[in-house]
>>> print(open('target_26.tsv').read())   # TSV, C-alpha atoms and all ligand atoms
chain	number	residue	atom	x	y	z
A	1	MET	CA	-33.83	-105.91	130.65
A	2	ASP	CA	-31.95	-104.68	133.71
A	3	LEU	CA	-29.66	-106.84	135.80
A	4	PHE	CA	-30.96	-107.95	139.19
A	5	ASN	CA	-28.98	-105.54	141.29
A	6	VAL	CA	-27.39	-107.65	144.02
A	7	TYR	CA	-23.73	-106.62	143.75
A	8	PRO	CA	-22.26	-103.27	144.86
A	9	LEU	CA	-19.82	-102.62	142.00
A	10	PHE	CA	-16.52	-100.77	141.71
A	11	ASP	CA	-16.46	-98.56	138.64
A	12	ILE	CA	-13.71	-100.59	136.95
A	13	GLU	CA	-14.13	-102.70	133.83
A	14	PRO	CA	-11.41	-105.31	133.37
A	15	VAL	CA	-10.95	-106.31	129.74
A	16	LYS	CA	-7.69	-108.23	129.82
A	17	ALA	CA	-5.59	-110.08	132.36
A	18	GLU	CA	-2.19	-111.75	132.42
A	19	GLY	CA	-0.31	-113.49	135.25
A	20	SER	CA	-0.93	-111.44	138.41
A	21	TYR	CA	-2.20	-108.37	136.55
A	22	VAL	CA	-5.62	-107.18	135.36
A	23	TYR	CA	-6.08	-104.37	132.79
A	24	ASP	CA	-9.14	-102.14	132.57
A	25	LYS	CA	-10.75	-100.73	129.41
A	26	ASN	CA	-8.54	-97.62	129.66
A	27	GLY	CA	-5.38	-99.72	129.65
A	28	GLN	CA	-4.78	-99.14	133.37
A	29	ARG	CA	-2.93	-102.05	135.00
A	30	TYR	CA	-3.87	-103.42	138.46
A	31	LEU	CA	-1.91	-105.83	140.62
A	32	ASP	CA	-4.32	-108.63	141.51
A	33	LEU	CA	-4.05	-109.67	145.16
A	34	TYR	CA	-7.68	-110.79	145.16
A	35	GLY	CA	-7.60	-113.41	142.39
A	36	GLY	CA	-11.24	-112.69	141.52
A	37	HIS	CA	-12.15	-114.00	145.01
A	38	ALA	CA	-9.55	-116.79	145.39
A	39	VAL	CA	-10.42	-118.20	141.97
A	40	ILE	CA	-7.29	-117.46	139.97
A	41	SER	CA	-4.85	-120.19	140.94
A	42	ILE	CA	-2.30	-120.51	138.11
A	43	GLY	CA	-2.46	-116.86	137.01
A	44	HIS	CA	-4.63	-115.09	134.47
A	45	SER	CA	-4.60	-116.28	130.84
A	46	HIS	CA	-1.86	-118.86	131.36
A	47	PRO	CA	-0.82	-120.01	127.84
A	48	HIS	CA	-1.13	-123.74	128.63
A	49	TYR	CA	-4.61	-123.15	130.10
A	50	VAL	CA	-5.75	-121.05	127.13
A	51	ALA	CA	-4.39	-123.60	124.64
A	52	ASN	CA	-5.97	-126.58	126.44
A	53	ILE	CA	-9.44	-125.03	126.60
A	54	SER	CA	-9.25	-123.60	123.06
A	55	SER	CA	-8.16	-126.85	121.43
A	56	GLN	CA	-10.78	-128.78	123.41
A	57	LEU	CA	-13.49	-126.38	122.21
A	58	GLU	CA	-12.46	-127.03	118.62
A	59	ARG	CA	-12.99	-130.78	119.16
A	60	ILE	CA	-16.02	-131.07	121.47
A	61	GLY	CA	-17.19	-128.71	124.20
A	62	PHE	CA	-19.96	-130.70	125.80
A	63	TYR	CA	-21.76	-133.97	125.85
A	64	SER	CA	-23.77	-135.53	128.64
A	65	ASN	CA	-22.73	-137.71	131.57
A	66	SER	CA	-24.30	-140.72	129.85
A	67	VAL	CA	-21.26	-141.38	127.64
A	68	GLN	CA	-17.53	-141.97	128.13
A	69	ASN	CA	-15.47	-138.88	128.84
A	70	PRO	CA	-11.83	-139.86	129.40
A	71	LEU	CA	-10.99	-136.26	130.36
A	72	GLN	CA	-12.82	-136.83	133.67
A	73	LYS	CA	-10.58	-139.82	134.40
A	74	GLU	CA	-7.46	-137.88	133.47
A	75	LEU	CA	-8.51	-135.04	135.77
A	76	ALA	CA	-9.26	-137.46	138.64
A	77	LYS	CA	-5.91	-139.23	138.17
A	78	LYS	CA	-3.92	-135.99	138.17
A	79	LEU	CA	-5.89	-134.60	141.12
A	80	GLY	CA	-5.34	-137.81	143.10
A	81	GLU	CA	-1.59	-137.69	142.43
A	82	LEU	CA	-1.04	-134.02	143.19
A	83	SER	CA	-3.25	-133.94	146.29
A	84	LYS	CA	-1.88	-137.31	147.49
A	85	MET	CA	-5.49	-138.54	147.81
A	86	ASP	CA	-5.33	-141.16	145.11
A	87	GLU	CA	-7.54	-143.62	147.01
A	88	TYR	CA	-10.52	-141.18	147.04
A	89	SER	CA	-13.02	-141.02	144.18
A	90	LEU	CA	-14.17	-137.85	142.46
A	91	PHE	CA	-17.64	-136.49	141.68
A	92	LEU	CA	-17.51	-133.46	139.38
A	93	CYS	CA	-19.95	-130.55	139.61
A	94	ASN	CA	-20.02	-126.83	138.82
A	95	SER	CA	-19.45	-124.71	141.94
A	96	GLY	CA	-18.47	-124.68	145.59
A	97	ALA	CA	-22.03	-124.59	146.88
A	98	GLU	CA	-22.97	-127.51	144.67
A	99	ALA	CA	-19.95	-129.48	145.90
A	100	ASN	CA	-21.04	-128.90	149.52
A	101	GLU	CA	-24.64	-129.71	148.68
A	102	ASN	CA	-23.54	-133.08	147.30
A	103	ALA	CA	-21.24	-133.73	150.26
A	104	LEU	CA	-24.10	-133.11	152.71
A	105	LYS	CA	-26.41	-135.26	150.64
A	106	LEU	CA	-23.89	-138.14	150.62
A	107	ALA	CA	-23.52	-137.89	154.40
A	108	SER	CA	-27.26	-137.96	154.87
A	109	PHE	CA	-27.79	-140.86	152.44
A	110	LYS	CA	-25.10	-142.93	154.10
A	111	THR	CA	-25.94	-142.24	157.76
A	112	ASN	CA	-29.70	-141.96	157.28
A	113	LYS	CA	-29.57	-138.90	159.55
A	114	SER	CA	-30.05	-135.20	158.86
A	115	LYS	CA	-28.47	-133.06	161.58
A	116	VAL	CA	-25.33	-131.11	160.63
A	117	ILE	CA	-22.76	-129.40	162.83
A	118	SER	CA	-20.98	-126.35	161.42
A	119	PHE	CA	-19.01	-123.53	163.01
A	120	LYS	CA	-19.22	-119.87	163.96
A	121	ASN	CA	-18.28	-117.58	161.01
A	122	ALA	CA	-18.59	-120.49	158.55
A	123	PHE	CA	-19.50	-119.91	154.91
A	124	HIS	CA	-20.40	-122.87	152.71
A	125	GLY	CA	-22.39	-121.35	149.83
A	126	ARG	CA	-25.87	-120.10	148.97
A	127	THR	CA	-27.85	-123.15	147.83
A	128	SER	CA	-30.29	-124.71	150.24
A	129	GLY	CA	-28.19	-127.13	152.32
A	130	ALA	CA	-25.00	-125.09	151.97
A	131	VAL	CA	-26.64	-121.85	153.12
A	132	ALA	CA	-28.40	-123.62	155.99
A	133	VAL	CA	-24.98	-124.58	157.43
A	134	THR	CA	-23.59	-121.06	156.84
A	135	ASP	CA	-23.33	-118.79	159.88
A	136	ASN	CA	-25.13	-115.79	158.40
A	137	PRO	CA	-28.88	-115.55	159.10
A	138	LYS	CA	-29.16	-112.60	156.67
A	139	ILE	CA	-28.68	-114.85	153.64
A	140	ILE	CA	-30.85	-117.74	154.87
A	141	ALA	CA	-34.36	-117.46	153.42
A	142	PRO	CA	-37.23	-119.00	155.39
A	143	ILE	CA	-37.34	-121.91	152.91
A	144	ASN	CA	-33.72	-122.75	153.77
A	145	ARG	CA	-34.02	-122.35	157.54
A	146	ARG	CA	-33.53	-125.63	159.36
A	147	ASP	CA	-33.88	-126.76	162.94
A	148	ASP	CA	-31.35	-129.54	162.56
A	149	VAL	CA	-28.27	-127.39	161.98
A	150	VAL	CA	-26.13	-126.60	165.01
A	151	ILE	CA	-23.49	-123.88	164.81
A	152	LEU	CA	-20.75	-124.35	167.41
A	153	PRO	CA	-17.67	-122.32	168.38
A	154	LEU	CA	-14.54	-123.14	166.37
A	155	ASN	CA	-11.92	-125.21	168.23
A	156	ASP	CA	-14.35	-126.37	170.97
A	157	LEU	CA	-14.19	-130.18	170.92
A	158	THR	CA	-16.25	-130.53	174.10
A	159	ALA	CA	-19.19	-128.74	172.46
A	160	VAL	CA	-18.84	-130.94	169.37
A	161	GLU	CA	-18.78	-134.15	171.39
A	162	SER	CA	-21.81	-133.21	173.44
A	163	GLU	CA	-23.78	-132.68	170.20
A	164	LEU	CA	-22.40	-135.75	168.41
A	165	SER	CA	-23.13	-137.98	171.38
A	166	LYS	CA	-26.88	-137.44	170.82
A	167	GLY	CA	-26.45	-139.85	167.89
A	168	ASP	CA	-28.47	-137.92	165.30
A	169	VAL	CA	-25.67	-136.09	163.46
A	170	ALA	CA	-25.07	-136.90	159.78
A	171	ALA	CA	-22.08	-134.62	159.24
A	172	VAL	CA	-19.65	-132.09	160.64
A	173	ILE	CA	-18.67	-129.55	157.97
A	174	ILE	CA	-15.69	-127.24	158.39
A	175	GLU	CA	-13.54	-125.04	156.15
A	176	GLY	CA	-9.84	-125.91	155.88
A	177	ILE	CA	-9.30	-122.21	156.63
A	178	GLN	CA	-12.34	-120.00	157.12
A	179	GLY	CA	-12.30	-117.49	154.26
A	180	ILE	CA	-15.28	-115.17	154.35
A	181	GLY	CA	-15.26	-115.56	158.15
A	182	GLY	CA	-11.93	-113.70	158.31
A	183	ILE	CA	-9.07	-116.15	157.62
A	184	ARG	CA	-9.45	-118.21	160.78
A	185	ILE	CA	-7.45	-121.43	160.91
A	186	PRO	CA	-8.86	-124.37	162.88
A	187	ASP	CA	-6.29	-125.81	165.31
A	188	GLY	CA	-4.61	-129.00	164.07
A	189	SER	CA	-5.59	-130.69	167.34
A	190	PHE	CA	-9.21	-129.64	166.75
A	191	LEU	CA	-9.26	-131.22	163.27
A	192	LYS	CA	-7.67	-134.40	164.66
A	193	GLY	CA	-10.26	-134.45	167.43
A	194	LEU	CA	-13.09	-133.96	164.92
A	195	ARG	CA	-11.76	-136.90	162.93
A	196	GLU	CA	-11.78	-139.15	166.00
A	197	LEU	CA	-15.21	-137.99	167.18
A	198	CYS	CA	-16.82	-138.36	163.74
A	199	THR	CA	-15.52	-141.92	163.53
A	200	LYS	CA	-16.71	-142.67	167.08
A	201	TYR	CA	-20.23	-141.33	166.52
A	202	GLU	CA	-20.55	-142.42	162.85
A	203	ALA	CA	-20.89	-138.96	161.33
A	204	PHE	CA	-19.23	-137.72	158.12
A	205	LEU	CA	-16.35	-135.28	158.41
A	206	ILE	CA	-16.64	-132.88	155.46
A	207	LEU	CA	-13.73	-130.55	154.75
A	208	ASP	CA	-14.77	-127.55	152.69
A	209	GLU	CA	-11.61	-126.65	150.76
A	210	VAL	CA	-13.45	-124.51	148.20
A	211	GLN	CA	-11.39	-121.45	149.11
A	212	SER	CA	-8.39	-122.89	150.99
A	213	GLY	CA	-7.71	-125.78	148.59
A	214	TYR	CA	-5.74	-126.22	145.39
A	215	GLY	CA	-2.40	-125.17	146.86
A	216	ARG	CA	-3.45	-121.81	148.26
A	217	SER	CA	-2.41	-122.68	151.84
A	218	GLY	CA	1.03	-124.02	150.87
A	219	LYS	CA	-0.27	-127.61	150.94
A	220	PHE	CA	-2.67	-128.97	148.33
A	221	PHE	CA	-5.47	-128.90	150.94
A	222	ALA	CA	-5.20	-126.86	154.14
A	223	PHE	CA	-6.47	-129.73	156.34
A	224	GLN	CA	-3.37	-131.70	155.32
A	225	TYR	CA	-1.39	-129.66	157.86
A	226	ALA	CA	-3.29	-131.68	160.48
A	227	GLY	CA	-2.49	-135.02	158.83
A	228	ILE	CA	-6.13	-136.22	158.90
A	229	LYS	CA	-8.26	-138.07	156.35
A	230	PRO	CA	-11.76	-136.55	156.02
A	231	ASP	CA	-14.66	-138.59	154.67
A	232	VAL	CA	-15.37	-135.99	152.02
A	233	VAL	CA	-13.45	-132.98	150.70
A	234	THR	CA	-15.07	-130.30	148.56
A	235	THR	CA	-13.30	-128.05	146.09
A	236	ALA	CA	-14.09	-125.41	143.44
A	237	LYS	CA	-12.65	-121.86	142.94
A	238	GLY	CA	-8.95	-122.50	142.09
A	239	MET	CA	-9.83	-125.83	140.48
A	240	GLY	CA	-10.75	-124.17	137.17
A	241	ASN	CA	-8.79	-120.88	137.38
A	242	GLY	CA	-12.02	-119.11	136.39
A	243	PHE	CA	-13.76	-121.87	134.48
A	244	PRO	CA	-16.72	-123.03	136.64
A	245	ILE	CA	-15.96	-126.45	138.08
A	246	GLY	CA	-16.36	-128.07	141.49
A	247	GLY	CA	-15.40	-131.43	142.90
A	248	VAL	CA	-16.31	-133.78	145.72
A	249	LEU	CA	-13.52	-136.14	146.82
A	250	ILE	CA	-15.07	-139.17	148.50
A	251	SER	CA	-13.27	-141.59	150.80
A	252	PRO	CA	-12.88	-145.21	149.62
A	253	ASP	CA	-15.09	-146.34	152.54
A	254	PHE	CA	-18.17	-145.23	150.58
A	255	ASP	CA	-19.58	-147.00	147.53
A	256	ALA	CA	-21.48	-145.24	144.78
A	257	ASP	CA	-24.92	-146.26	143.52
A	258	TYR	CA	-26.17	-145.27	140.08
A	259	GLY	CA	-28.29	-142.15	140.36
A	260	MET	CA	-27.18	-141.25	143.90
A	261	LEU	CA	-25.67	-137.97	142.63
A	262	GLY	CA	-25.95	-136.31	139.25
A	263	THR	CA	-25.60	-133.14	137.21
A	264	THR	CA	-26.02	-131.98	133.61
A	265	PHE	CA	-22.98	-129.76	133.24
A	266	GLY	CA	-20.63	-131.18	135.89
A	267	GLY	CA	-17.46	-132.68	134.41
A	268	ASN	CA	-18.09	-131.39	130.89
A	269	HIS	CA	-15.25	-131.47	128.38
A	270	LEU	CA	-14.34	-127.80	128.66
A	271	ALA	CA	-14.37	-127.82	132.46
A	272	CYS	CA	-12.13	-130.88	132.47
A	273	ALA	CA	-9.74	-129.28	129.96
A	274	ALA	CA	-9.51	-126.26	132.28
A	275	GLY	CA	-9.10	-128.43	135.40
A	276	ILE	CA	-6.39	-130.58	133.81
A	277	ALA	CA	-4.43	-127.52	132.66
A	278	VAL	CA	-4.62	-126.08	136.19
A	279	LEU	CA	-3.16	-129.25	137.71
A	280	ASP	CA	-0.44	-129.44	135.02
A	281	VAL	CA	0.66	-125.88	135.75
A	282	ILE	CA	0.48	-126.19	139.55
A	283	LYS	CA	2.78	-129.20	139.24
A	284	SER	CA	5.22	-128.01	136.57
A	285	GLN	CA	5.63	-124.52	138.03
A	286	LYS	CA	5.75	-125.73	141.66
A	287	LEU	CA	3.04	-123.25	142.59
A	288	ILE	CA	2.30	-124.82	145.98
A	289	GLN	CA	5.88	-124.17	147.07
A	290	ASN	CA	5.63	-120.67	145.59
A	291	ALA	CA	2.45	-120.01	147.59
A	292	LEU	CA	4.29	-121.05	150.74
A	293	ASP	CA	7.42	-119.00	150.00
A	294	VAL	CA	5.78	-115.78	148.80
A	295	GLY	CA	3.07	-116.10	151.46
A	296	SER	CA	5.67	-116.41	154.26
A	297	TYR	CA	7.55	-113.43	152.86
A	298	LEU	CA	4.35	-111.34	152.79
A	299	MET	CA	3.43	-112.32	156.35
A	300	ASP	CA	6.97	-111.51	157.61
A	301	GLU	CA	6.89	-108.09	155.97
A	302	LEU	CA	3.34	-107.37	157.19
A	303	SER	CA	4.34	-108.24	160.75
A	304	LYS	CA	6.60	-105.13	160.71
A	305	PHE	CA	3.61	-102.75	160.50
A	306	ASP	CA	2.45	-101.64	163.96
A	307	GLN	CA	-0.85	-100.23	162.59
A	308	ILE	CA	-2.05	-103.85	162.08
A	309	LYS	CA	-3.94	-105.58	164.89
A	310	GLU	CA	-3.41	-109.18	163.73
A	311	ILE	CA	-2.17	-111.10	160.70
A	312	ARG	CA	-3.52	-114.60	160.11
A	313	GLY	CA	-3.00	-117.02	157.28
A	314	LEU	CA	-1.15	-119.80	155.54
A	315	GLY	CA	0.49	-119.56	152.13
A	316	LEU	CA	-1.33	-117.08	149.91
A	317	MET	CA	-4.49	-116.90	152.02
A	318	ILE	CA	-3.82	-113.99	154.33
A	319	GLY	CA	-6.04	-111.87	156.58
A	320	ILE	CA	-4.87	-108.47	157.83
A	321	GLU	CA	-7.05	-107.28	160.71
A	322	PHE	CA	-7.25	-103.63	161.80
A	323	GLU	CA	-8.83	-101.97	164.83
A	324	GLN	CA	-10.40	-99.38	162.51
A	325	GLU	CA	-12.67	-100.01	159.51
A	326	ILE	CA	-10.71	-100.82	156.35
A	327	THR	CA	-13.00	-99.30	153.67
A	328	GLU	CA	-10.67	-96.31	153.13
A	329	ILE	CA	-7.51	-98.43	153.04
A	330	ARG	CA	-8.98	-100.76	150.44
A	331	LYS	CA	-10.28	-97.90	148.30
A	332	LYS	CA	-6.90	-96.17	148.35
A	333	LEU	CA	-5.15	-99.42	147.43
A	334	LEU	CA	-7.50	-99.91	144.50
A	335	PHE	CA	-7.99	-96.41	143.09
A	336	GLU	CA	-4.67	-94.75	143.99
A	337	LYS	CA	-2.18	-97.64	144.13
A	338	LYS	CA	-3.99	-99.82	141.54
A	339	ILE	CA	-4.02	-102.96	143.67
A	340	PHE	CA	-7.02	-105.29	144.06
A	341	THR	CA	-7.52	-106.80	147.53
A	342	GLY	CA	-10.42	-108.60	149.19
A	343	VAL	CA	-12.21	-107.96	152.47
A	344	SER	CA	-13.87	-109.89	155.23
A	345	GLY	CA	-16.34	-107.87	157.26
A	346	LYS	CA	-15.42	-104.29	158.13
A	347	HIS	CA	-11.99	-104.79	159.71
A	348	ILE	CA	-10.13	-107.42	157.71
A	349	ILE	CA	-8.31	-107.14	154.37
A	350	ARG	CA	-8.00	-110.47	152.62
A	351	LEU	CA	-5.16	-111.34	150.25
A	352	LEU	CA	-6.00	-114.17	147.85
A	353	PRO	CA	-3.64	-113.62	144.92
A	354	PRO	CA	-2.85	-115.99	142.06
A	355	LEU	CA	-0.46	-118.68	143.31
A	356	ASN	CA	2.21	-117.66	140.81
A	357	LEU	CA	2.59	-114.26	142.54
A	358	LYS	CA	6.24	-113.23	142.30
A	359	LYS	CA	8.24	-111.96	145.27
A	360	GLU	CA	8.75	-108.65	143.44
A	361	ASN	CA	4.94	-108.22	143.21
A	362	ALA	CA	4.69	-108.90	146.93
A	363	THR	CA	7.40	-106.29	147.58
A	364	LEU	CA	5.51	-103.76	145.45
A	365	PHE	CA	2.37	-104.40	147.48
A	366	ILE	CA	4.23	-103.92	150.78
A	367	GLN	CA	5.63	-100.56	149.53
A	368	LYS	CA	2.23	-99.32	148.40
A	369	PHE	CA	0.53	-100.62	151.52
A	370	LYS	CA	3.04	-98.70	153.66
A	371	GLU	CA	2.34	-95.52	151.68
A	372	VAL	CA	-1.40	-95.95	152.25
A	373	LEU	CA	-1.06	-96.64	155.97
A	374	ASP	CA	1.37	-93.72	156.43
A	375	GLU	CA	-1.13	-91.35	154.76
A	376	LEU	CA	-3.98	-92.31	157.11
B	1	LIG	C1	-15.42	-121.93	151.86
B	1	LIG	C2	-16.41	-121.73	150.77
B	1	LIG	N1	-17.32	-122.69	150.52
B	1	LIG	C3	-18.24	-122.57	149.54
B	1	LIG	C4	-18.29	-121.43	148.77
B	1	LIG	C5	-19.33	-121.32	147.68
B	1	LIG	O1	-18.73	-121.46	146.45
B	1	LIG	P1	-19.53	-120.99	145.12
B	1	LIG	O2	-19.64	-119.50	145.18
B	1	LIG	O3	-18.65	-121.49	144.00
B	1	LIG	O4	-20.82	-121.67	145.14
B	1	LIG	C6	-17.37	-120.39	149.00
B	1	LIG	C7	-17.43	-119.15	148.19
B	1	LIG	O5	-16.90	-118.13	148.51
B	1	LIG	C8	-16.41	-120.54	150.02
B	1	LIG	O6	-15.54	-119.57	150.30
>>> encode(input="target_26.tsv", output="structure tokens")
Amino acid sequence: MDLFNVYPLFDIEPVKAEGSYVYDKNGQRYLDLYGGHAVISIGHSHPHYVANISSQLERIGFYSNSVQNPLQKELAKKLGELSKMDEYSLFLCNSGAEANENALKLASFKTNKSKVISFKNAFHGRTSGAVAVTDNPKIIAPINRRDDVVILPLNDLTAVESELSKGDVAAVIIEGIQGIGGIRIPDGSFLKGLRELCTKYEAFLILDEVQSGYGRSGKFFAFQYAGIKPDVVTTAKGMGNGFPIGGVLISPDFDADYGMLGTTFGGNHLACAAGIAVLDVIKSQKLIQNALDVGSYLMDELSKFDQIKEIRGLGLMIGIEFEQEITEIRKKLLFEKKIFTGVSGKHIIRLLPPLNLKKENATLFIQKFKEVLDEL
């Protein structure tokens, strides 16, 4: 059987990874400034993470959500403490799209409405509700197309209020920092305004922190820079450092009913073991502070390059925008300088490294980046 060929692949086969480095089958080492698409939070193959998952697997890997699983409570407790959102409750699932799907469903159940506002360049996943609120018609199949989704310009509160005032909106969904859309940060005043308007018009404010959460921005969640309290926050990617897990953090204003949400695999023992290890390491190794420090250093150094059109970002979520297309730059970084980076569209390089990236790794990247840009 052949694989369904939906991914354009680089001819590189990673077989091992450690910290901020990935090794291919020929033993070639690559500096990882992509983190497998913002997934690697605490670094590859962290010993505490490996030990926690391995020892859990030796005891029990899975049982259903119809029995007690104290690991889920431990994960929720640790997540509440580290994110300073202790009063929220946690629903565990398996991916970012699924987290958003559940958030939208909760909003619709609770408001008894169905319209959703999202924003230009937004990406929220590929399942039916999540893709419908994503600003990319190419990936919306006819079955997912909806008339009750409104995509508005980012940072335009007047447009949001004129839509909300119609009274039929269940939720406003927004990324803490737009990732796939090119590292665009919503203004703090915009997020505060959204909070006020959602309260006024009785709509849910959903913060999608799937990519920007888990310390990547230099705060646990990027929206925390604005000092607001969303109704629902969604998370995935860095939550499991590669083990599939997603979460929906739900404000204490909303009560659960049995059967309202559900999943077979969500919150399984192995996923919880991974998620707990991630939180332990983020805390003990002060990785949120590291993301802030190394991220600021990278942005300062990048600001010295005059070939760059604009640098945007917070912590270790950085977009480097060029006038010209970046395909050649990225290829040279990967194949000649042995550095993985991400992209967004044709003009933006995205840096999403593990949060334990050392300053010396950042310096190495800056040197190699300069060599590539000088050769252009
Ligand atoms: C902001 C955001 N939301 C949701 C998703 C979807 O997550 P997943 O691929 O785990 O379903 C992504 C994935 O890139 C994302 O960046």
>>> closest_residue(input="target_26.tsv", among="A:Gln285, A:Ser217, A:Ser212, A:Thr199", to="ligand LIG 1 (chain B)", atoms="all atoms listed in the file")
A:Ser212
>>> axis_aligned_box(input="target_26.tsv", around="ligand LIG 1 (chain B)", padding_each_side="4 Å", output="JSON")
{"center_x": -18.1, "center_y": -120.4, "center_z": 147.9, "size_x": 13.4, "size_y": 12.6, "size_z": 15.9}
>>> closest_residue(input="target_26.tsv", among="A:Ser83, A:Ser108, A:Gln56, A:Asn155", to="Lys229 of chain A", atoms="only C-alpha atoms")
A:Ser83
>>> residues_around(input="target_26.tsv", residues="Ala277 of chain A", least_positions_apart="2", cutoff="9 Å", atoms="all atoms listed in the file", output="list in words")
His48, Tyr49, Val50, Ala51, Asn52, Ile53, Gly240, Cys272, Ala273, Ala274, Gly275, Leu279, Asp280, Val281 and Ile282 of chain A
>>> residues_near_point(input="target_26.tsv", point="(-5.6, -122.7, 146.6)", cutoff="12 Å", atoms="all atoms listed in the file", output="ChimeraX atom specification")
/A:35,37-43,83,176-177,179,209-222,235-241,278-279,282,287-292,295,314-318,351-356
>>> atom_distance(input="target_26.tsv", atom1="atom CA of Ala76 of chain A", atom2="atom CA of Ile173 of chain A")
22.9 Å
>>> closest_residue(input="target_26.tsv", among="A:Ile117, A:Ile228, A:Ser95, A:Lys283", to="Lys78 of chain A", atoms="all atoms listed in the file")
A:Lys283
>>> closest_residue(input="target_26.tsv", among="A:Glu360, A:Glu87, A:Glu18, A:Asp255", to="Val294 of chain A", atoms="all atoms listed in the file")
A:Glu360
>>> closest_residue(input="target_26.tsv", among="A:Ser344, A:Ser45, A:Asn268, A:Gln367", to="Thr327 of chain A", atoms="all atoms listed in the file")
A:Ser344
>>> closest_residue(input="target_26.tsv", among="A:Gly247, A:Gly267, A:Gly80, A:Pro142", to="ligand LIG 1 (chain B)", atoms="all atoms listed in the file")
A:Gly247
